[in-house]
Structures are given as C-alpha cells and as structure tokens.
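Q: Questions regarding the structure given below will be posed in turn.
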Amino acid sequence: EIYHVVNRSIASRPLFLNKRDYDRKLSTIFYYQHTNSPLRYSFFIRLPLERRRDILDELKDKRDFRVEIIAFCLMPNHVHLLLKQIKDSGISTFMSDIANSYTRYLNAKRHEIGPIYQ
C-alpha cells in the first residue's frame with residue numbers, strides 16, 4: 001500500500017529556517033530509508049567525506065529499504081511524504097528515526113528541549 005504521511009510542527013512553528021535546514025531534513029529522509037543504517041545520522045555526518053561516501057555506496061548496493069519514497073514536499077511548518085512500506089513496521093520505524101533525528105538537530109540549533117512535532 002501507499003500512505004500519505006504528514007508531520008506537523010507544534011503550534012505551527014517553523015521547522016525550516018534556511019536552506020541548510022531543508023537539506024538536513026532531506027538527508028535524514030534518504031539516509032533512514034535504508035533498513036540497516038549503520039550509525040545515527042548525527043554521527044554519520046561527522047565522518048570524513050570519503051567514509052560517508054563509502055557507507056552510502058554500501059547502502060545503495062544492498063538496496064535494502066524499509067520504505068520506498070514515492071514523493072515528498074517540505075513546507076515551512078510541516079512535511080508531506082508518500083511512502084510505500086517495504087518491510088514490516090517500515091513506515092513507523094522510518095518516521096520515528098527521521099523525526100527523532102531532526103528534532104535533536106533543531107533543538108540543538110535553537111538551544112531548546114522537547115518535541116517539535118504534534
């Protein structure tokens with residue numbers, strides 16, 4: 001099945017303040033699409049560029065996805081995703097990983113704590 005998933009911010013607060021924020025969200029979406037991402041994304045991006053390329057190449061070669069991303073739209077205060085589940089619990093695990101990763105990033109950037117999504 002294909003599912004339309006929406007993730008909205010609390011109180012319509014902006015999720016993305018600049019291009020870097022949009023890029024960060026997109027990167028986490030495509031990183032956590034893979035079933036066995038070897039590291040949390042926050043650790044992955046601290047690796048040297050060559051090592052990151054190697055990891056991404058390995059993940060691409062395995063083609064072991066938990067979800068297929070059909071379409072997406074990042075809006076200032078919410079995200080739309082059309083997803084096809086490939087693995088059991090794939091969508092819920094995927095959404096949890098991308099939400100948690102981006103929440104940690106945005107809270108660190110804003111010097112805040114707590115949830116950012118409804």
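Labeling convention for the structure tokens: chains A, B, ... as they appear, residues from 1 per chain, ligands from 1 in order of appearance.
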Excluding stretch 88-91 of chain A and its own-chain neighbours fewer than 2 positions away, which residues fall within 10 Å of it when counting only C-alpha atoms? Please give them as a short mmCIF file (atom, residue, chain, number, x, y, z; two decimals) with all heavy atoms, in the first residue's frame.

A:
data_model
loop_
_atom_site.label_atom_id
_atom_site.label_comp_id
_atom_site.auth_asym_id
_atom_site.auth_seq_id
_atom_site.Cartn_x
_atom_site.Cartn_y
_atom_site.Cartn_z
N TYR A 3 0.98 5.18 1.43
CA TYR A 3 0.43 6.00 2.50
C TYR A 3 0.88 7.45 2.37
O TYR A 3 2.04 7.71 2.05
CB TYR A 3 0.88 5.47 3.87
CG TYR A 3 0.43 4.06 4.14
CD1 TYR A 3 1.22 2.98 3.76
CD2 TYR A 3 -0.79 3.81 4.76
CE1 TYR A 3 0.81 1.68 3.99
CE2 TYR A 3 -1.21 2.52 5.00
CZ TYR A 3 -0.41 1.46 4.61
OH TYR A 3 -0.82 0.18 4.84
N VAL A 5 1.70 10.48 4.55
CA VAL A 5 2.07 10.76 5.94
C VAL A 5 2.40 12.24 6.05
O VAL A 5 3.14 12.79 5.24
CB VAL A 5 3.30 9.91 6.36
CG1 VAL A 5 3.66 10.18 7.81
CG2 VAL A 5 3.04 8.43 6.12
N GLN A 33 15.95 5.83 5.03
CA GLN A 33 15.15 4.98 4.15
C GLN A 33 15.71 3.56 4.13
O GLN A 33 14.98 2.59 3.96
CB GLN A 33 15.16 5.58 2.74
CG GLN A 33 14.45 4.75 1.70
CD GLN A 33 14.61 5.31 0.30
OE1 GLN A 33 15.48 6.16 0.05
NE2 GLN A 33 13.78 4.87 -0.61
N HIS A 34 17.00 3.43 4.34
CA HIS A 34 17.68 2.14 4.34
C HIS A 34 17.36 1.36 5.62
O HIS A 34 17.30 1.95 6.70
CB HIS A 34 19.18 2.33 4.20
CG HIS A 34 19.57 3.03 2.94
ND1 HIS A 34 19.70 2.38 1.74
CD2 HIS A 34 19.80 4.34 2.69
CE1 HIS A 34 20.02 3.25 0.80
NE2 HIS A 34 20.09 4.45 1.35
N THR A 35 17.23 0.06 5.49
CA THR A 35 16.87 -0.78 6.64
C THR A 35 17.95 -0.77 7.71
O THR A 35 17.67 -0.63 8.89
CB THR A 35 16.61 -2.23 6.18
OG1 THR A 35 15.54 -2.20 5.24
CG2 THR A 35 16.24 -3.12 7.34
N PHE A 65 15.64 -1.50 1.55
CA PHE A 65 14.88 -0.35 2.03
C PHE A 65 13.74 -0.78 2.94
O PHE A 65 13.14 -1.82 2.74
CB PHE A 65 14.29 0.43 0.85
CG PHE A 65 15.33 0.97 -0.09
CD1 PHE A 65 15.43 0.49 -1.39
CD2 PHE A 65 16.20 1.96 0.31
CE1 PHE A 65 16.37 0.99 -2.26
CE2 PHE A 65 17.16 2.47 -0.56
CZ PHE A 65 17.24 1.98 -1.84
N ARG A 66 13.44 0.05 3.93
CA ARG A 66 12.26 -0.18 4.77
C ARG A 66 11.03 0.47 4.16
O ARG A 66 9.93 0.02 4.36
CB ARG A 66 12.49 0.28 6.19
CG ARG A 66 12.89 1.72 6.34
CD ARG A 66 13.03 2.15 7.76
NE ARG A 66 14.36 1.87 8.24
CZ ARG A 66 14.83 2.26 9.40
NH1 ARG A 66 14.08 2.91 10.22
NH2 ARG A 66 16.05 1.97 9.76
N VAL A 67 11.26 1.57 3.41
CA VAL A 67 10.17 2.26 2.70
C VAL A 67 10.67 2.69 1.33
O VAL A 67 11.87 2.90 1.13
CB VAL A 67 9.64 3.49 3.46
CG1 VAL A 67 9.01 3.13 4.79
CG2 VAL A 67 10.72 4.54 3.64
N GLU A 68 9.74 2.82 0.42
CA GLU A 68 10.02 3.45 -0.86
C GLU A 68 9.41 4.85 -0.81
O GLU A 68 8.24 5.00 -0.45
CB GLU A 68 9.40 2.66 -2.00
CG GLU A 68 9.62 3.27 -3.36
CD GLU A 68 8.93 2.50 -4.47
OE1 GLU A 68 8.54 1.33 -4.25
OE2 GLU A 68 8.76 3.08 -5.55
N LEU A 83 4.61 7.28 0.94
CA LEU A 83 5.51 6.17 1.24
C LEU A 83 4.86 4.83 0.94
O LEU A 83 3.67 4.64 1.20
CB LEU A 83 5.89 6.18 2.72
CG LEU A 83 6.54 7.45 3.26
CD1 LEU A 83 6.67 7.37 4.78
CD2 LEU A 83 7.88 7.68 2.61
N LYS A 84 5.65 3.93 0.42
CA LYS A 84 5.23 2.54 0.26
C LYS A 84 6.06 1.72 1.24
O LYS A 84 7.29 1.77 1.22
CB LYS A 84 5.48 2.07 -1.16
CG LYS A 84 5.05 0.63 -1.39
CD LYS A 84 5.25 0.23 -2.84
CE LYS A 84 4.79 -1.20 -3.05
NZ LYS A 84 5.01 -1.62 -4.45
N GLN A 85 5.37 0.98 2.09
CA GLN A 85 6.07 0.17 3.09
C GLN A 85 6.66 -1.07 2.42
O GLN A 85 5.95 -1.80 1.74
CB GLN A 85 5.12 -0.21 4.21
CG GLN A 85 5.78 -0.99 5.32
CD GLN A 85 4.95 -1.01 6.57
OE1 GLN A 85 5.00 -0.07 7.34
NE2 GLN A 85 4.19 -2.08 6.77
N ILE A 86 7.95 -1.30 2.64
CA ILE A 86 8.64 -2.46 2.08
C ILE A 86 8.83 -3.54 3.16
O ILE A 86 8.64 -4.71 2.90
CB ILE A 86 10.02 -2.06 1.51
CG1 ILE A 86 9.89 -0.91 0.49
CG2 ILE A 86 10.74 -3.26 0.91
CD1 ILE A 86 9.08 -1.23 -0.74
N THR A 93 8.94 2.86 11.86
CA THR A 93 10.35 2.97 12.23
C THR A 93 11.03 4.12 11.49
O THR A 93 11.78 4.90 12.08
CB THR A 93 11.10 1.65 11.94
OG1 THR A 93 10.41 0.59 12.59
CG2 THR A 93 12.53 1.70 12.41
N PHE A 94 10.76 4.21 10.20
CA PHE A 94 11.32 5.29 9.37
C PHE A 94 10.90 6.66 9.91
O PHE A 94 11.74 7.55 10.10
CB PHE A 94 10.84 5.10 7.93
CG PHE A 94 11.13 6.24 7.01
CD1 PHE A 94 12.41 6.49 6.56
CD2 PHE A 94 10.10 7.06 6.57
CE1 PHE A 94 12.68 7.54 5.70
CE2 PHE A 94 10.35 8.11 5.71
CZ PHE A 94 11.64 8.36 5.28
N MET A 95 9.60 6.83 10.17
CA MET A 95 9.11 8.12 10.65
C MET A 95 9.70 8.46 12.02
O MET A 95 10.04 9.61 12.28
CB MET A 95 7.57 8.14 10.71
CG MET A 95 6.92 8.11 9.35
SD MET A 95 7.43 9.43 8.23
CE MET A 95 6.86 10.88 9.12
N SER A 96 9.83 7.47 12.87
CA SER A 96 10.43 7.69 14.18
C SER A 96 11.88 8.14 14.04
O SER A 96 12.31 9.11 14.68
CB SER A 96 10.35 6.40 15.00
OG SER A 96 11.03 6.55 16.21
N ASP A 97 12.63 7.46 13.19
CA ASP A 97 14.05 7.81 13.00
C ASP A 97 14.23 9.21 12.44
O ASP A 97 15.06 9.98 12.94
CB ASP A 97 14.74 6.79 12.08
CG ASP A 97 15.01 5.47 12.75
OD1 ASP A 97 14.88 5.37 13.99
OD2 ASP A 97 15.35 4.51 12.03
#

Q: As a ChimeraX atom specification, please: the residues near stretch 43-59 of chain A (cut-off 12 Å, only C-alpha atoms, same-chain neighbours under 4 positions excluded).

A: /A:24,27-28,30-39,63-65,101,105

Q: Since we have the selection now, will you write its residues out, keeping C-alpha atoms, as a PDB file, in the first residue's frame?

A:
ATOM      1  CA  ARG A  24      19.377  18.380   6.696  1.00  0.00           C
ATOM      2  CA  SER A  27      19.463  13.987   4.054  1.00  0.00           C
ATOM      3  CA  THR A  28      17.919  12.262   7.069  1.00  0.00           C
ATOM      4  CA  PHE A  30      17.153   9.439   2.385  1.00  0.00           C
ATOM      5  CA  TYR A  31      19.619   8.101   4.966  1.00  0.00           C
ATOM      6  CA  TYR A  32      16.983   6.412   7.149  1.00  0.00           C
ATOM      7  CA  GLN A  33      15.147   4.980   4.148  1.00  0.00           C
ATOM      8  CA  HIS A  34      17.675   2.138   4.337  1.00  0.00           C
ATOM      9  CA  THR A  35      16.875  -0.778   6.636  1.00  0.00           C
ATOM     10  CA  ASN A  36      20.266  -1.067   8.308  1.00  0.00           C
ATOM     11  CA  SER A  37      21.761   2.393   8.551  1.00  0.00           C
ATOM     12  CA  PRO A  38      24.996   1.643  10.441  1.00  0.00           C
ATOM     13  CA  LEU A  39      25.133   4.846  12.533  1.00  0.00           C
ATOM     14  CA  ARG A  63      19.141  -1.882  -1.906  1.00  0.00           C
ATOM     15  CA  ASP A  64      17.561  -2.962   1.374  1.00  0.00           C
ATOM     16  CA  PHE A  65      14.882  -0.352   2.030  1.00  0.00           C
ATOM     17  CA  SER A 101      16.995  12.875  14.235  1.00  0.00           C
ATOM     18  CA  TYR A 105      19.222  18.739  15.320  1.00  0.00           C
TER      19      TYR A 105
END

Q: Can you pull out the residues contacting stretch 10-19 of chain A? Cut-off 10 Å, using only C-alpha atoms, and skip same-chain residues under 4 positions away; I want them as a list in words.

A: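 Skipping anything fewer than 4 positions along the chain leaves Asp23, Arg24, Lys25, Leu74, Met75, Pro76, Asn77, His78, Val79, Tyr102, Thr103, Leu106, Pro115, Ile116, Tyr117 and Gln118 of chain A.
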
Q: Report the residues of chain A whose backbone DSSP state falls under alpha helix (DSSP H), written as a ChimeraX atom specification.

A: /A:19-32,41-44,49-62,90-110

Q: Determine which residues of chain A DSSP labels as strand (DSSP E) from the backbone of this structure, then write them out as a list in words.

A: Ile2, Tyr3, His4, Val5, Val6, Asn7, Arg8, Val67, Glu68, Ile69, Ile70, Ala71, Phe72, Cys73, Leu74, Met75, His78, Val79, His80, Leu81, Leu82, Leu83, Lys84 and Gln85 of chain A

Q: For the atom pair atom CA of A:His80 and atom CA of A:Val6, what is the interatomic distance in Å to one decimal place?

A: 4.7 Å

Q: Tell me which of A:Leu81, A:Ile29, A:Ile2, A:Ile70 sits closest to A:Ala99, counting only C-alpha atoms.

A: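 Ranking A:Leu81, A:Ile29, A:Ile2, A:Ile70 by distance to A:Ala99, first place goes to A:Ile29.
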